[in-house]
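K.L.:
This is the structure, below, for whatever I ask next.
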Amino acid sequence: MADTLGADITLTVPDAPPMAAFVARPATPGPRPGLLLFQEAFGVTGHIRGLAGRFAAEGYVVIAPELFHRRAPGFQGSYDNFDAVRPLVQGLTTAGLEADIRAAHAWLTSDPGVDRARTHAVGFCMGGRVAFLANLAVSVRSTASFYGGGMVPEYLPRVAEAHGPALFFWGGLDQHVGLEGPRRLTDALRAAGRASVHVEIADANHAFFNDERPAYNPRAAREAWALTLAFFRE
């Protein structure tokens, strides 16, 4: 995008190999709100880089870290071959992800073009889980999680640690995540007195936001995009 700038950087993570990340920012100077963008299981693909550019065009300084840097740096998988992705996803640990989140957050909030009081996180699929973990691990203003599985039951005892409001999108047709886990998460956040918004799109499936995958739902994606931007602004 002509009005944005993109760059590849490398971050230091304690007790781990270096972590590559893609950064996108508005071409005009800040200070700007910051955004942690967390990948799908298939890596920091062209789709994720494109999303970083879209958010940058909306005024955000965006960092998208490569979460498989410990076992498969630079990995980009094929959407039709989840078997190649599964062991990488299963090899992730909460402790390792929190270290990655802190490294990306530290870079973002130390950037002179970022207003550190206005940092947010967003993630898709696997990254939807990581975005909510970021809400628990670092000081963010709000987070948006798209169809993120794996949060229940592990994160339920920690929901009171949430730093800011959380927005969740779920697909009513999503058999990968299902609806029972999201309902338990909703109940836990309510019981903990933490602000959250849960949007179930009845005719959407898993990965409905990704226009490179068969489940892409253009209407649902447009609505979710508009709501995410409004949520971050508020």
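Chain labels A, B, ... are given in the sequence in which chains occur in the structure tokens; within each chain residues are numbered consecutively from 1, and ligands are likewise numbered from 1 in the order shown.
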Per DSSP on the backbone, what are the strand (DSSP E or B) residues of stretch 103-140 of chain A, as a PDB file with C-alpha atoms, in the first residue's frame?

P.N.:
ATOM      1  CA  VAL A 114       3.843   4.389  18.934  1.00  0.00           C
ATOM      2  CA  ASP A 115       1.549   5.728  21.624  1.00  0.00           C
ATOM      3  CA  ARG A 116       2.205   3.017  24.208  1.00  0.00           C
ATOM      4  CA  ALA A 117      -1.064   3.810  26.022  1.00  0.00           C
ATOM      5  CA  ARG A 118      -2.966   2.738  22.897  1.00  0.00           C
ATOM      6  CA  THR A 119      -1.719  -0.750  22.110  1.00  0.00           C
ATOM      7  CA  HIS A 120      -4.043  -3.568  21.093  1.00  0.00           C
ATOM      8  CA  ALA A 121      -3.801  -7.176  19.906  1.00  0.00           C
ATOM      9  CA  VAL A 122      -5.615  -9.145  17.225  1.00  0.00           C
ATOM     10  CA  GLY A 123      -5.253 -12.731  16.066  1.00  0.00           C
ATOM     11  CA  PHE A 124      -6.797 -15.323  13.805  1.00  0.00           C
TER      12      PHE A 124
END

K.L.:
Just want the 12 Å neighbourhood of A:Thr45, counted on only C-alpha atoms, with same-chain residues fewer than 4 positions away dropped. Output as number ranges by chain.

P.N.:
A: 21-22, 38-41, 49-52, 64-66, 74-79, 210, 212

K.L.:
Go through A:Gly148, A:Gly181, A:Gly193, A:Pro17 one by one, measure the shortest atom-to-atom distance of each to A:Leu67 using only C-alpha atoms, and give the residue with the smallest value.

P.N.:
A:Pro17

K.L.:
With only C-alpha atoms as the atoms that count, which of A:Ala57, A:Leu97, A:Leu156, A:Val62 lies nearest to A:Thr109?

P.N.:
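Counting only C-alpha atoms, the residue closest to A:Thr109 is A:Val62.
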
K.L.:
Write down as a PyMOL selection string the residues belonging to stretch 42-155 of chain A that are assigned helix (DSSP H, G or I) by DSSP computed on the backbone.

P.N.:
chain A and resi 46-57+82-90+94-110+126-137

K.L.:
At what distance in Å, to one decimal, does atom CA of A:Glu161 lie from atom CA of A:Leu11?

P.N.:
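Between these atoms lies a distance of 25.8 Å.
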
K.L.:
If you measure from atom CA of A:Asp100 to atom CA of A:Thr10, what distance in Å do you get, rounded to one decimal?

P.N.:
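That distance, rounded to one decimal, is 11.8 Å.
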
K.L.:
Counting only C-alpha atoms, which of A:His176, A:Asp211, A:Phe55, A:Val152 gets nearest to A:Ala226?

P.N.:
A:Phe55

K.L.:
Find, counting only C-alpha atoms, the residue in A:Ile48, A:Ala27, A:Val199, A:Met19 that gets nearest to A:Ala220.

P.N.:
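Comparing A:Ile48, A:Ala27, A:Val199, A:Met19 against A:Ala220, the winner is A:Val199.
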
K.L.:
Need the shell around stretch 170-173 of chain A: protein/DNA/RNA residues with any atom at most 8 Å away, counting only C-alpha atoms. Skip same-chain ones fewer than 3 positions apart. Format as a list in words?

P.N.:
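Neighbouring residues, sequence-local ones excluded: Phe146, Tyr147, Gly178, Leu179, Pro182, His198, Val199, Glu200, Ile201, Ala202, Asp203, Ala204, Asn205, His206 and Phe208 of chain A.
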
K.L.:
Rank nothing, just name the residue among A:Gly127, A:Glu98, A:Glu58, A:Asp3 nearest to A:Gly43, using only C-alpha atoms.

P.N.:
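Using only C-alpha atoms, the shortest distance to A:Gly43 belongs to A:Gly127.
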
K.L.:
What does the distance from atom CA of A:Leu189 to atom CA of A:Ser139 come to in Å, to one decimal?

P.N.:
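Computed distance, atom CA of A:Leu189 to atom CA of A:Ser139, equals 17.4 Å.
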
K.L.:
Between A:Arg102, A:Arg190, A:His163, A:Arg183, which has the minimum distance to A:Phe132 (counting only C-alpha atoms)?

P.N.:
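Closest to A:Phe132 of all the choices is A:His163.
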
K.L.:
Compile the contact shell of A:Ala192 as a ChimeraX atom specification: residues with an atom at most 12 Å away, counting only C-alpha atoms, same-chain residues fewer than 2 positions apart removed.

P.N.:
/A:156-162,185-190,194-196

K.L.:
Can you tell me, as number ranges by chain, what residues are no more than 7 Å from A:Gly6 when counting only C-alpha atoms, ignoring any on the same chain fewer than 5 positions away?

P.N.:
A: 23-25
